[in-house]
$ cat work25.pdb   # PDB, C-alpha atoms
ATOM      1  CA  MET A 250      83.708 -13.463 -36.970
ATOM      2  CA  ARG A 251      85.823 -16.404 -35.768
ATOM      3  CA  ASP A 252      87.342 -19.108 -37.994
ATOM      4  CA  GLY A 253      85.118 -17.905 -40.813
ATOM      5  CA  VAL A 254      81.954 -18.279 -38.730
ATOM      6  CA  GLU A 255      79.830 -15.230 -37.995
ATOM      7  CA  ILE A 256      78.842 -14.951 -34.338
ATOM      8  CA  LYS A 257      75.300 -13.658 -34.015
ATOM      9  CA  PRO A 258      74.248 -11.834 -30.851
ATOM     10  CA  ILE A 259      71.750 -13.784 -28.772
ATOM     11  CA  ARG A 260      68.270 -12.518 -27.943
ATOM     12  CA  ALA A 261      67.438 -13.519 -24.399
ATOM     13  CA  SER A 262      64.412 -12.717 -22.244
ATOM     14  CA  LYS A 263      63.500 -13.150 -18.587
ATOM     15  CA  ILE A 264      60.550 -14.303 -16.485
ATOM     16  CA  ILE A 265      60.091 -13.159 -12.890
ATOM     17  CA  LEU A 266      57.667 -15.048 -10.644
ATOM     18  CA  ILE A 267      55.811 -13.048  -7.986
ATOM     19  CA  GLY A 268      53.404 -14.601  -5.497
ATOM     20  CA  ASP A 269      52.853 -16.752  -2.419
ATOM     21  CA  SER A 270      53.898 -20.240  -1.269
ATOM     22  CA  THR A 271      51.994 -21.976  -4.071
ATOM     23  CA  THR A 272      54.523 -20.409  -6.476
ATOM     24  CA  ALA A 273      57.539 -20.231  -4.161
ATOM     25  CA  VAL A 274      60.710 -22.300  -4.014
ATOM     26  CA  GLN A 275      59.437 -24.863  -1.490
ATOM     27  CA  GLY A 276      55.769 -25.794  -1.701
ATOM     28  CA  GLY A 277      54.941 -24.239  -5.070
ATOM     29  CA  TRP A 278      54.984 -24.939  -8.810
ATOM     30  CA  GLY A 279      57.612 -22.252  -9.528
ATOM     31  CA  PRO A 280      60.795 -24.324  -9.087
ATOM     32  CA  ARG A 281      59.696 -26.993 -11.556
ATOM     33  CA  PHE A 282      58.540 -24.352 -14.019
ATOM     34  CA  CYS A 283      61.928 -22.630 -13.955
ATOM     35  CA  ALA A 284      63.841 -25.921 -14.053
ATOM     36  CA  ASP A 285      61.892 -27.814 -16.708
ATOM     37  CA  HIS A 286      59.801 -25.476 -18.831
ATOM     38  CA  VAL A 287      62.026 -22.634 -20.045
ATOM     39  CA  SER A 288      64.804 -22.691 -22.614
ATOM     40  CA  SER A 289      68.343 -21.475 -21.949
ATOM     41  CA  PHE A 290      67.396 -18.194 -23.641
ATOM     42  CA  LEU A 291      64.712 -17.475 -21.051
ATOM     43  CA  ALA A 292      66.053 -16.694 -17.580
ATOM     44  CA  CYS A 293      63.633 -17.550 -14.778
ATOM     45  CA  VAL A 294      63.799 -15.860 -11.367
ATOM     46  CA  ASN A 295      61.462 -17.001  -8.580
ATOM     47  CA  LEU A 296      60.768 -14.155  -6.135
ATOM     48  CA  ALA A 297      57.563 -15.646  -4.688
ATOM     49  CA  ARG A 298      57.478 -15.949  -0.886
ATOM     50  CA  GLY A 299      55.328 -18.015   1.449
ATOM     51  CA  GLY A 300      52.505 -16.316   3.312
ATOM     52  CA  ARG A 301      52.423 -13.218   1.137
ATOM     53  CA  SER A 302      49.381 -11.392  -0.174
ATOM     54  CA  THR A 303      49.002  -8.470  -2.560
ATOM     55  CA  TYR A 304      49.389  -6.263   0.523
ATOM     56  CA  ASN A 305      52.307  -7.589   2.568
ATOM     57  CA  TYR A 306      54.454  -8.591  -0.421
ATOM     58  CA  ARG A 307      54.725  -4.884  -1.113
ATOM     59  CA  ALA A 308      54.699  -3.669   2.499
ATOM     60  CA  GLU A 309      57.706  -5.772   3.529
ATOM     61  CA  GLY A 310      59.876  -4.636   0.603
ATOM     62  CA  SER A 311      59.763  -7.751  -1.581
ATOM     63  CA  TRP A 312      58.172  -5.731  -4.359
ATOM     64  CA  ASP A 313      61.083  -3.250  -4.348
ATOM     65  CA  ILE A 314      63.451  -6.169  -4.958
ATOM     66  CA  ALA A 315      61.241  -7.366  -7.814
ATOM     67  CA  LEU A 316      61.202  -3.905  -9.407
ATOM     68  CA  HIS A 317      64.978  -3.784  -9.305
ATOM     69  CA  GLU A 318      65.094  -7.183 -11.013
ATOM     70  CA  MET A 319      62.786  -5.921 -13.770
ATOM     71  CA  ARG A 320      64.915  -2.897 -14.604
ATOM     72  CA  GLY A 321      68.354  -4.451 -14.757
ATOM     73  CA  GLY A 322      70.191  -6.473 -17.388
ATOM     74  CA  ALA A 323      70.384  -6.663 -21.152
ATOM     75  CA  TYR A 324      67.300  -8.773 -21.728
ATOM     76  CA  GLU A 325      65.225  -8.210 -24.816
ATOM     77  CA  ALA A 326      62.031  -8.478 -22.757
ATOM     78  CA  THR A 327      61.063  -9.212 -19.165
ATOM     79  CA  TRP A 328      57.777 -10.879 -18.255
ATOM     80  CA  VAL A 329      56.434 -10.734 -14.703
ATOM     81  CA  LEU A 330      53.991 -13.457 -13.629
ATOM     82  CA  VAL A 331      51.867 -12.428 -10.630
ATOM     83  CA  GLN A 332      49.805 -14.936  -8.619
ATOM     84  CA  PHE A 333      48.098 -13.994  -5.349
ATOM     85  CA  GLY A 334      44.837 -14.827  -3.592
ATOM     86  CA  HIS A 335      45.414 -17.439  -0.886
ATOM     87  CA  ASN A 336      46.678 -15.007   1.734
ATOM     88  CA  ASP A 337      44.396 -12.175   0.651
ATOM     89  CA  GLN A 338      41.470 -14.192   2.024
ATOM     90  CA  PRO A 339      39.939 -13.278   5.403
ATOM     91  CA  GLY A 340      41.361 -14.616   8.659
ATOM     92  CA  LYS A 341      45.028 -13.814   8.088
ATOM     93  CA  PRO A 342      45.944 -10.711  10.139
ATOM     94  CA  GLY A 343      48.550  -8.509   8.512
ATOM     95  CA  ARG A 344      47.908 -10.168   5.161
ATOM     96  CA  SER A 345      44.181 -10.218   4.327
ATOM     97  CA  THR A 346      42.777  -7.680   1.879
ATOM     98  CA  ASP A 347      39.241  -6.649   0.994
ATOM     99  CA  LEU A 348      38.059  -8.664  -2.008
ATOM    100  CA  ALA A 349      35.804  -5.958  -3.434
ATOM    101  CA  THR A 350      38.214  -3.033  -3.185
ATOM    102  CA  GLU A 351      41.781  -3.566  -1.961
ATOM    103  CA  PHE A 352      42.632  -6.836  -3.730
ATOM    104  CA  PRO A 353      41.791  -5.635  -7.264
ATOM    105  CA  ALA A 354      43.308  -2.212  -6.557
ATOM    106  CA  ASN A 355      46.551  -3.880  -5.476
ATOM    107  CA  LEU A 356      46.616  -5.977  -8.647
ATOM    108  CA  ARG A 357      46.068  -2.887 -10.798
ATOM    109  CA  ARG A 358      48.952  -1.125  -9.068
ATOM    110  CA  TYR A 359      51.256  -4.088  -9.690
ATOM    111  CA  VAL A 360      50.320  -4.059 -13.380
ATOM    112  CA  GLU A 361      50.912  -0.321 -13.671
ATOM    113  CA  GLU A 362      54.312  -0.472 -11.975
ATOM    114  CA  ILE A 363      55.459  -3.490 -13.994
ATOM    115  CA  ARG A 364      54.687  -1.577 -17.180
ATOM    116  CA  ALA A 365      56.354   1.563 -15.852
ATOM    117  CA  ALA A 366      59.500  -0.493 -15.194
ATOM    118  CA  GLY A 367      59.542  -1.530 -18.855
ATOM    119  CA  ALA A 368      58.408  -5.116 -18.227
ATOM    120  CA  GLN A 369      55.330  -7.058 -19.339
ATOM    121  CA  PRO A 370      52.749  -8.212 -16.745
ATOM    122  CA  VAL A 371      50.949 -11.558 -16.780
ATOM    123  CA  LEU A 372      48.251 -12.246 -14.176
ATOM    124  CA  LEU A 373      47.605 -15.749 -12.851
ATOM    125  CA  THR A 374      44.459 -16.857 -11.062
ATOM    126  CA  PRO A 375      45.289 -18.656  -7.781
ATOM    127  CA  LEU A 376      46.082 -22.361  -7.724
ATOM    128  CA  THR A 377      43.172 -24.330  -6.266
ATOM    129  CA  ARG A 378      43.326 -25.979  -2.878
ATOM    130  CA  ARG A 379      42.546 -29.711  -2.828
ATOM    131  CA  GLN A 380      39.817 -29.944  -0.184
ATOM    132  CA  PHE A 381      36.577 -31.838  -0.856
ATOM    133  CA  ALA A 382      33.099 -32.078   0.672
ATOM    134  CA  ASP A 383      30.765 -34.890  -0.380
ATOM    135  CA  GLY A 384      32.887 -35.628  -3.430
ATOM    136  CA  ARG A 385      32.976 -32.044  -4.716
ATOM    137  CA  LEU A 386      35.978 -29.734  -4.659
ATOM    138  CA  VAL A 387      35.617 -26.902  -2.138
ATOM    139  CA  ASP A 388      36.206 -24.013  -4.537
ATOM    140  CA  ASP A 389      36.870 -21.369  -1.888
ATOM    141  CA  LEU A 390      39.205 -19.325  -4.098
ATOM    142  CA  ALA A 391      36.677 -18.809  -6.908
ATOM    143  CA  PRO A 392      35.830 -15.173  -5.985
ATOM    144  CA  TRP A 393      39.531 -14.221  -5.955
ATOM    145  CA  ALA A 394      40.057 -15.943  -9.302
ATOM    146  CA  ASP A 395      37.111 -13.971 -10.705
ATOM    147  CA  ALA A 396      38.629 -10.721  -9.431
ATOM    148  CA  VAL A 397      41.926 -11.509 -11.182
ATOM    149  CA  ARG A 398      40.086 -12.265 -14.430
ATOM    150  CA  ARG A 399      38.260  -8.927 -14.249
ATOM    151  CA  VAL A 400      41.460  -6.939 -13.693
ATOM    152  CA  ALA A 401      43.192  -8.773 -16.542
ATOM    153  CA  ALA A 402      40.315  -8.007 -18.918
ATOM    154  CA  GLU A 403      40.045  -4.392 -17.768
ATOM    155  CA  MET A 404      43.769  -3.680 -18.150
ATOM    156  CA  LYS A 405      44.328  -5.905 -21.199
ATOM    157  CA  VAL A 406      46.835  -8.108 -19.400
ATOM    158  CA  PRO A 407      47.587 -11.679 -20.543
ATOM    159  CA  LEU A 408      45.855 -14.161 -18.211
ATOM    160  CA  VAL A 409      47.000 -17.615 -17.149
ATOM    161  CA  ASP A 410      43.840 -19.143 -15.700
ATOM    162  CA  LEU A 411      45.614 -21.552 -13.379
ATOM    163  CA  HIS A 412      42.608 -21.674 -11.077
ATOM    164  CA  ALA A 413      40.259 -23.010 -13.736
ATOM    165  CA  ARG A 414      42.760 -25.581 -15.028
ATOM    166  CA  SER A 415      43.810 -26.766 -11.563
ATOM    167  CA  ARG A 416      40.217 -26.851 -10.276
ATOM    168  CA  ASP A 417      39.048 -29.017 -13.157
ATOM    169  CA  ALA A 418      42.052 -31.336 -12.881
ATOM    170  CA  VAL A 419      41.724 -31.845  -9.130
ATOM    171  CA  GLN A 420      37.962 -32.348  -9.321
ATOM    172  CA  GLY A 421      38.504 -34.919 -12.063
ATOM    173  CA  MET A 422      40.991 -36.966 -10.070
ATOM    174  CA  GLY A 423      39.003 -36.834  -6.827
ATOM    175  CA  PRO A 424      40.062 -36.411  -3.180
ATOM    176  CA  VAL A 425      42.165 -39.562  -2.814
ATOM    177  CA  GLN A 426      44.214 -39.217  -5.996
ATOM    178  CA  ALA A 427      44.738 -35.486  -5.376
ATOM    179  CA  MET A 428      46.466 -36.338  -2.078
ATOM    180  CA  ARG A 429      49.565 -37.415  -3.987
ATOM    181  CA  PHE A 430      50.302 -33.767  -4.809
ATOM    182  CA  ALA A 431      51.124 -32.879  -1.175
ATOM    183  CA  GLN A 432      54.648 -32.644   0.225
ATOM    184  CA  LEU A 433      54.254 -35.702   2.486
ATOM    185  CA  PRO A 434      51.798 -38.644   2.579
ATOM    186  CA  ALA A 435      48.456 -38.225   4.320
ATOM    187  CA  ALA A 436      47.677 -39.867   7.659
ATOM    188  CA  PRO A 437      45.525 -43.026   7.525
ATOM    189  CA  GLU A 438      42.556 -41.122   8.994
ATOM    190  CA  GLN A 439      42.829 -38.519   6.252
ATOM    191  CA  VAL A 440      42.931 -41.154   3.520
ATOM    192  CA  SER A 441      39.904 -42.909   5.028
ATOM    193  CA  ALA A 442      37.960 -39.652   5.151
ATOM    194  CA  ALA A 443      38.898 -38.813   1.568
ATOM    195  CA  GLN A 444      37.610 -42.213   0.438
ATOM    196  CA  SER A 445      34.213 -41.147   1.769
ATOM    197  CA  GLY A 446      34.430 -37.964  -0.333
ATOM    198  CA  THR A 447      35.167 -35.396   2.397
ATOM    199  CA  THR A 448      38.713 -34.361   3.317
ATOM    200  CA  ILE A 449      39.777 -33.569   6.869
ATOM    201  CA  GLY A 450      42.633 -31.701   8.462
ATOM    202  CA  ALA A 451      45.271 -33.136  10.768
ATOM    203  CA  ALA A 452      44.206 -35.803  13.252
ATOM    204  CA  PRO A 453      44.165 -34.936  16.982
ATOM    205  CA  THR A 454      47.584 -35.357  18.597
ATOM    206  CA  PRO A 455      47.905 -38.329  20.984
ATOM    207  CA  THR A 456      49.186 -36.041  23.748
ATOM    208  CA  ALA A 457      46.099 -33.821  23.759
ATOM    209  CA  PRO A 458      43.708 -34.286  26.728
ATOM    210  CA  ALA A 459      40.780 -36.497  25.828
ATOM    211  CA  ALA A 460      38.256 -33.775  26.648
ATOM    212  CA  ALA A 461      39.979 -31.398  24.229
ATOM    213  CA  LYS A 462      39.878 -33.810  21.295
ATOM    214  CA  PRO A 463      37.112 -33.296  18.740
ATOM    215  CA  ALA A 464      35.065 -36.313  17.685
ATOM    216  CA  SER A 465      36.871 -36.192  14.348
ATOM    217  CA  PRO A 466      39.505 -33.932  12.786
ATOM    218  CA  ALA A 467      38.126 -30.676  11.437
ATOM    219  CA  VAL A 468      38.565 -29.286   7.948
ATOM    220  CA  GLN A 469      41.967 -27.843   7.188
ATOM    221  CA  ASP A 470      42.621 -24.541   8.959
ATOM    222  CA  ASN A 471      43.986 -22.634   5.989
ATOM    223  CA  ALA A 472      45.280 -19.704   8.036
ATOM    224  CA  ALA A 473      47.377 -22.058  10.171
ATOM    225  CA  THR A 474      48.447 -24.242   7.241
ATOM    226  CA  GLU A 475      49.572 -21.265   5.147
ATOM    227  CA  PRO A 476      51.782 -19.278   7.554
ATOM    228  CA  MET A 477      54.317 -16.604   6.794
ATOM    229  CA  GLY A 478      57.625 -17.953   5.561
ATOM    230  CA  GLN A 479      58.698 -21.124   3.809
ATOM    231  CA  ALA A 480      56.177 -23.945   3.710
ATOM    232  CA  LYS A 481      57.001 -26.737   6.174
ATOM    233  CA  ARG A 482      57.238 -30.231   4.771
ATOM    234  CA  ALA A 483      53.918 -31.690   5.839
ATOM    235  CA  PHE A 484      50.727 -33.064   4.401
ATOM    236  CA  ASP A 485      48.139 -30.419   3.571
ATOM    237  CA  TYR A 486      45.732 -29.510   0.793
ATOM    238  CA  THR A 487      47.542 -26.336  -0.324
ATOM    239  CA  HIS A 488      51.263 -26.844  -0.808
ATOM    240  CA  LEU A 489      52.917 -29.002  -3.444
ATOM    241  CA  GLY A 490      55.445 -31.784  -3.301
ATOM    242  CA  SER A 491      57.505 -32.884  -6.276
ATOM    243  CA  GLU A 492      54.659 -34.563  -8.179
ATOM    244  CA  GLY A 493      52.264 -31.674  -7.615
ATOM    245  CA  ALA A 494      54.859 -29.098  -8.626
ATOM    246  CA  ASP A 495      55.599 -31.031 -11.826
ATOM    247  CA  PHE A 496      51.910 -31.341 -12.690
ATOM    248  CA  PHE A 497      50.948 -27.704 -12.206
ATOM    249  CA  ALA A 498      54.171 -26.256 -13.646
ATOM    250  CA  ALA A 499      53.311 -28.018 -16.905
ATOM    251  CA  ILE A 500      49.855 -26.427 -16.833
ATOM    252  CA  VAL A 501      51.365 -22.972 -16.280
ATOM    253  CA  ALA A 502      53.753 -23.480 -19.208
ATOM    254  CA  ASP A 503      50.909 -24.592 -21.476
ATOM    255  CA  GLU A 504      48.635 -21.715 -20.496
ATOM    256  CA  LEU A 505      51.468 -19.177 -20.754
ATOM    257  CA  ALA A 506      52.343 -20.323 -24.272
ATOM    258  CA  GLN A 507      48.742 -19.653 -25.278
ATOM    259  CA  ALA A 508      48.414 -16.338 -23.426
ATOM    260  CA  VAL A 509      51.771 -14.916 -24.571
ATOM    261  CA  PRO A 510      52.584 -16.160 -28.085
ATOM    262  CA  GLN A 511      55.897 -14.234 -28.033
ATOM    263  CA  LEU A 512      57.170 -16.686 -25.407
ATOM    264  CA  ARG A 513      56.014 -19.852 -27.118
ATOM    265  CA  ARG A 514      59.316 -20.738 -28.758
ATOM    266  CA  GLN A 515      61.148 -20.362 -25.435
ATOM    267  CA  LEU A 516      58.774 -22.511 -23.384
ATOM    268  CA  ILE A 517      59.181 -26.277 -23.075
ATOM    269  CA  PRO A 518      55.915 -28.285 -22.763
TER     270      PRO A 518
END
$ encode --input "work25.pdb" --output "C-alpha cells"
Amino acid sequence: MRDGVEIKPIRASKIILIGDSTTAVQGGWGPRFCADHVSSFLACVNLARGGRSTYNYRAEGSWDIALHEMRGGAYEATWVLVQFGHNDQPGKPGRSTDLATEFPANLRRYVEEIRAAGAQPVLLTPLTRRQFADGRLVDDLAPWADAVRRVAAEMKVPLVDLHARSRDAVQGMGPVQAMRFAQLPAAPEQVSAAQSGTTIGAAPTPTAPAAAKPASPAVQDNAATEPMGQAKRAFDYTHLGSEGADFFAAIVADELAQAVPQLRRQLIP
C-alpha cells in the first residue's frame, strides 16, 4: 500500500525463440516479433542461430543455454517456440538429419525436455523459401512441415503453422512481389527471370572465366545461401529484410494467439 493505493503484484510470462536463421536476430522474423508483437508483461528472448538444425543446435551447446533460460526467473509461465527444418534438409554436412527418423525424434526430445524444465512447448512449421518455377512456389520444405505437424499432433503440442501461412502468402503475391522480403534488392537479371515466373540464383561474377560461366544463373544453392552463423546482408530467397520480418512476425503473432489462447491478451496483432 502506498498513498492509499494498493500495489498488486504483476503476472509476467516469457517466450523463448529457438531455431535457425529464419527466426534469428539478423535474417529472421524473430526480432520484429519480440519488438512489436508482445506486451511489456511478456518477455521475449531470441536464442535462434543461423545455420542450425535440430541436431547441431543441441550438439554445439545452444540447447543447454536455452534450458537454463527456461528454468530461471520468477515468470508465471515460459513458452518455448521451436522452428527448424531448413538446415535439417540434405546437403548440409554436420547439420542434415534424416527426415523419416532423426528429425521427428529430435523434435520429440525437445518437447520432452521443455516440459521437464517446467516450460510449455510450441512447434512451428518452417518458414517457406521464396523460389518459383513456372509461376508456382517451389515448396521444398513441405515434407519437413508435415513432420512437424505429425509430432505436434502426436504429443499434443500447440502448432503455429507458419509454413502453410507463409506458403500461401508468397504464392499469392508471386515471384516479383515476394522479392521485396529479402535483405537487399535483387539483381536486374533476377528480377527479369522472376517476371517470367522462374527465380534464379546469383548471376555469374564478371571476373569468372568465360568458359566457367553457365548460360544463365542456376537456382539458388540453399546449402551455400544458408551457412552457419549470422546471415550476410544479401539478396536471397530465404532470409528476411525489414519488410519480410515485419510481415511474417505478424503472421506468427496471429497464429500463436489462436494456438495458445493463454497468451492472447499479451500478444499485439
$ resolve_selection --input "work25.pdb" --expression "the PyMOL selection byres ((chain A and resi 294-300) around 10)" --output "ChimeraX atom specification"
/A:263-277,279-280,282-283,291-293,301-302,305-306,311-312,314-315,318,329-333,335-337,341,344,472,474-480,488
$ write_last_selection --input "work25.pdb" --atoms "C-alpha atoms" --output "compact mmCIF listing (two decimals), keeping the file's coordinate frame"
# COMPACT_ATOMS: atom_id res chain seq x y z
CA LYS A 263 63.50 -13.15 -18.59
CA ILE A 264 60.55 -14.30 -16.48
CA ILE A 265 60.09 -13.16 -12.89
CA LEU A 266 57.67 -15.05 -10.64
CA ILE A 267 55.81 -13.05 -7.99
CA GLY A 268 53.40 -14.60 -5.50
CA ASP A 269 52.85 -16.75 -2.42
CA SER A 270 53.90 -20.24 -1.27
CA THR A 271 51.99 -21.98 -4.07
CA THR A 272 54.52 -20.41 -6.48
CA ALA A 273 57.54 -20.23 -4.16
CA VAL A 274 60.71 -22.30 -4.01
CA GLN A 275 59.44 -24.86 -1.49
CA GLY A 276 55.77 -25.79 -1.70
CA GLY A 277 54.94 -24.24 -5.07
CA GLY A 279 57.61 -22.25 -9.53
CA PRO A 280 60.80 -24.32 -9.09
CA PHE A 282 58.54 -24.35 -14.02
CA CYS A 283 61.93 -22.63 -13.96
CA LEU A 291 64.71 -17.48 -21.05
CA ALA A 292 66.05 -16.69 -17.58
CA CYS A 293 63.63 -17.55 -14.78
CA ARG A 301 52.42 -13.22 1.14
CA SER A 302 49.38 -11.39 -0.17
CA ASN A 305 52.31 -7.59 2.57
CA TYR A 306 54.45 -8.59 -0.42
CA SER A 311 59.76 -7.75 -1.58
CA TRP A 312 58.17 -5.73 -4.36
CA ILE A 314 63.45 -6.17 -4.96
CA ALA A 315 61.24 -7.37 -7.81
CA GLU A 318 65.09 -7.18 -11.01
CA VAL A 329 56.43 -10.73 -14.70
CA LEU A 330 53.99 -13.46 -13.63
CA VAL A 331 51.87 -12.43 -10.63
CA GLN A 332 49.80 -14.94 -8.62
CA PHE A 333 48.10 -13.99 -5.35
CA HIS A 335 45.41 -17.44 -0.89
CA ASN A 336 46.68 -15.01 1.73
CA ASP A 337 44.40 -12.18 0.65
CA LYS A 341 45.03 -13.81 8.09
CA ARG A 344 47.91 -10.17 5.16
CA ALA A 472 45.28 -19.70 8.04
CA THR A 474 48.45 -24.24 7.24
CA GLU A 475 49.57 -21.26 5.15
CA PRO A 476 51.78 -19.28 7.55
CA MET A 477 54.32 -16.60 6.79
CA GLY A 478 57.62 -17.95 5.56
CA GLN A 479 58.70 -21.12 3.81
CA ALA A 480 56.18 -23.94 3.71
CA HIS A 488 51.26 -26.84 -0.81
$ closest_residue --input "work25.pdb" --among "A:Leu348, A:Val387, A:Ala401, A:Ala326" --to "A:Thr448" --atoms "all atoms listed in the file"
A:Val387
$ axis_aligned_box --input "work25.pdb" --around "stretch 417-430 of chain A" --padding-each-side "5 Å" --output "lines of an AutoDock Vina configuration file"
center_x = 44.1
center_y = -34.3
center_z = -7.6
size_x = 22.3
size_y = 20.5
size_z = 21.1
$ residues_around --input "work25.pdb" --residues "A:Val419" --least-positions-apart "4" --cutoff "8 Å" --atoms "all atoms listed in the file" --output "list in words"
Arg379, Leu386, Ser415, Gly423, Pro424 and Ala427 of chain A
$ resolve_selection --input "work25.pdb" --expression "the PyMOL selection byres ((chain A and resi 390) around 10)" --output "short mmCIF file (atom, residue, chain, number, x, y, z; two decimals) with C-alpha atoms, keeping the file's coordinate frame"
data_model
loop_
_atom_site.label_atom_id
_atom_site.label_comp_id
_atom_site.auth_asym_id
_atom_site.auth_seq_id
_atom_site.Cartn_x
_atom_site.Cartn_y
_atom_site.Cartn_z
CA GLY A 334 44.84 -14.83 -3.59
CA HIS A 335 45.41 -17.44 -0.89
CA GLN A 338 41.47 -14.19 2.02
CA THR A 374 44.46 -16.86 -11.06
CA PRO A 375 45.29 -18.66 -7.78
CA LEU A 376 46.08 -22.36 -7.72
CA THR A 377 43.17 -24.33 -6.27
CA ARG A 378 43.33 -25.98 -2.88
CA VAL A 387 35.62 -26.90 -2.14
CA ASP A 388 36.21 -24.01 -4.54
CA ASP A 389 36.87 -21.37 -1.89
CA ALA A 391 36.68 -18.81 -6.91
CA PRO A 392 35.83 -15.17 -5.98
CA TRP A 393 39.53 -14.22 -5.96
CA ALA A 394 40.06 -15.94 -9.30
CA ASP A 395 37.11 -13.97 -10.70
CA HIS A 412 42.61 -21.67 -11.08
CA ARG A 416 40.22 -26.85 -10.28
#
$ resolve_selection --input "work25.pdb" --expression "the PyMOL selection byres ((chain A and resi 365-371) around 8)" --output "MDAnalysis selection string"
chainID A and resid 316 319:320 326:331 360:364 372:373 406:409
$ closest_residue --input "work25.pdb" --among "A:Ser491, A:Gln507, A:Gln432, A:Asn471" --to "A:Asp410" --atoms "all atoms listed in the file"
A:Gln507
$ atom_distance --input "work25.pdb" --atom1 "atom CA of A:Pro518" --atom2 "atom CA of A:Leu411"
15.5 Å
$ residues_around --input "work25.pdb" --residues "A:Gly446" --least-positions-apart "3" --cutoff "8 Å" --atoms "all atoms listed in the file" --output "MDAnalysis selection string"
chainID A and resid 381:385 424 442:443
$ residues_around --input "work25.pdb" --residues "A:Ile449" --least-positions-apart "6" --cutoff "9 Å" --atoms "all atoms listed in the file" --output "NGL selection string"
:A and (380-381 or 438-440 or 442-443 or 465-469)
$ write_last_selection --input "work25.pdb" --atoms "C-alpha atoms" --output "short mmCIF file (atom, residue, chain, number, x, y, z; two decimals), keeping the file's coordinate frame"
data_model
loop_
_atom_site.label_atom_id
_atom_site.label_comp_id
_atom_site.auth_asym_id
_atom_site.auth_seq_id
_atom_site.Cartn_x
_atom_site.Cartn_y
_atom_site.Cartn_z
CA GLN A 380 39.82 -29.94 -0.18
CA PHE A 381 36.58 -31.84 -0.86
CA GLU A 438 42.56 -41.12 8.99
CA GLN A 439 42.83 -38.52 6.25
CA VAL A 440 42.93 -41.15 3.52
CA ALA A 442 37.96 -39.65 5.15
CA ALA A 443 38.90 -38.81 1.57
CA SER A 465 36.87 -36.19 14.35
CA PRO A 466 39.51 -33.93 12.79
CA ALA A 467 38.13 -30.68 11.44
CA VAL A 468 38.56 -29.29 7.95
CA GLN A 469 41.97 -27.84 7.19
#
$ closest_residue --input "work25.pdb" --among "A:Leu356, A:Ile259, A:Leu512, A:Ala473" --to "A:Tyr324" --atoms "only C-alpha atoms"
A:Ile259
$ atom_distance --input "work25.pdb" --atom1 "atom CA of A:Glu492" --atom2 "atom CA of A:Arg429"
7.2 Å
$ atom_distance --input "work25.pdb" --atom1 "atom CA of A:Pro258" --atom2 "atom CA of A:Arg281"
28.5 Å
$ closest_residue --input "work25.pdb" --among "A:Asp485, A:Asp417, A:Glu351, A:Glu403" --to "A:Ala431" --atoms "only C-alpha atoms"
A:Asp485
$ decode --input "work25.pdb" --residues "stretch 472-476 of chain A" --atoms "all heavy atoms" --output "short mmCIF file (atom, residue, chain, number, x, y, z; two decimals), in the first residue's frame"
data_model
loop_
_atom_site.label_atom_id
_atom_site.label_comp_id
_atom_site.auth_asym_id
_atom_site.auth_seq_id
_atom_site.Cartn_x
_atom_site.Cartn_y
_atom_site.Cartn_z
N ALA A 472 22.25 -24.67 -49.69
CA ALA A 472 23.29 -25.00 -48.72
C ALA A 472 24.31 -23.87 -48.60
O ALA A 472 24.78 -23.55 -47.52
CB ALA A 472 24.00 -26.30 -49.13
N ALA A 473 24.62 -23.23 -49.74
CA ALA A 473 25.59 -22.13 -49.72
C ALA A 473 24.96 -20.85 -49.19
O ALA A 473 25.62 -20.04 -48.53
CB ALA A 473 26.14 -21.90 -51.12
N THR A 474 23.68 -20.66 -49.47
CA THR A 474 22.98 -19.43 -49.08
C THR A 474 22.62 -19.44 -47.60
O THR A 474 22.41 -18.38 -47.01
CB THR A 474 21.69 -19.27 -49.92
OG1 THR A 474 22.05 -19.30 -51.30
CG2 THR A 474 20.99 -17.97 -49.62
N GLU A 475 22.55 -20.61 -47.00
CA GLU A 475 22.15 -20.74 -45.60
C GLU A 475 23.30 -21.36 -44.78
O GLU A 475 23.21 -22.47 -44.28
CB GLU A 475 20.90 -21.61 -45.51
CG GLU A 475 19.73 -21.01 -46.28
CD GLU A 475 18.61 -21.98 -46.60
OE1 GLU A 475 18.64 -23.13 -46.11
OE2 GLU A 475 17.71 -21.60 -47.34
N PRO A 476 24.42 -20.61 -44.66
CA PRO A 476 25.59 -21.15 -43.97
C PRO A 476 25.44 -21.09 -42.46
O PRO A 476 24.47 -20.54 -41.94
CB PRO A 476 26.70 -20.20 -44.43
CG PRO A 476 26.01 -18.89 -44.59
CD PRO A 476 24.63 -19.24 -45.11
#
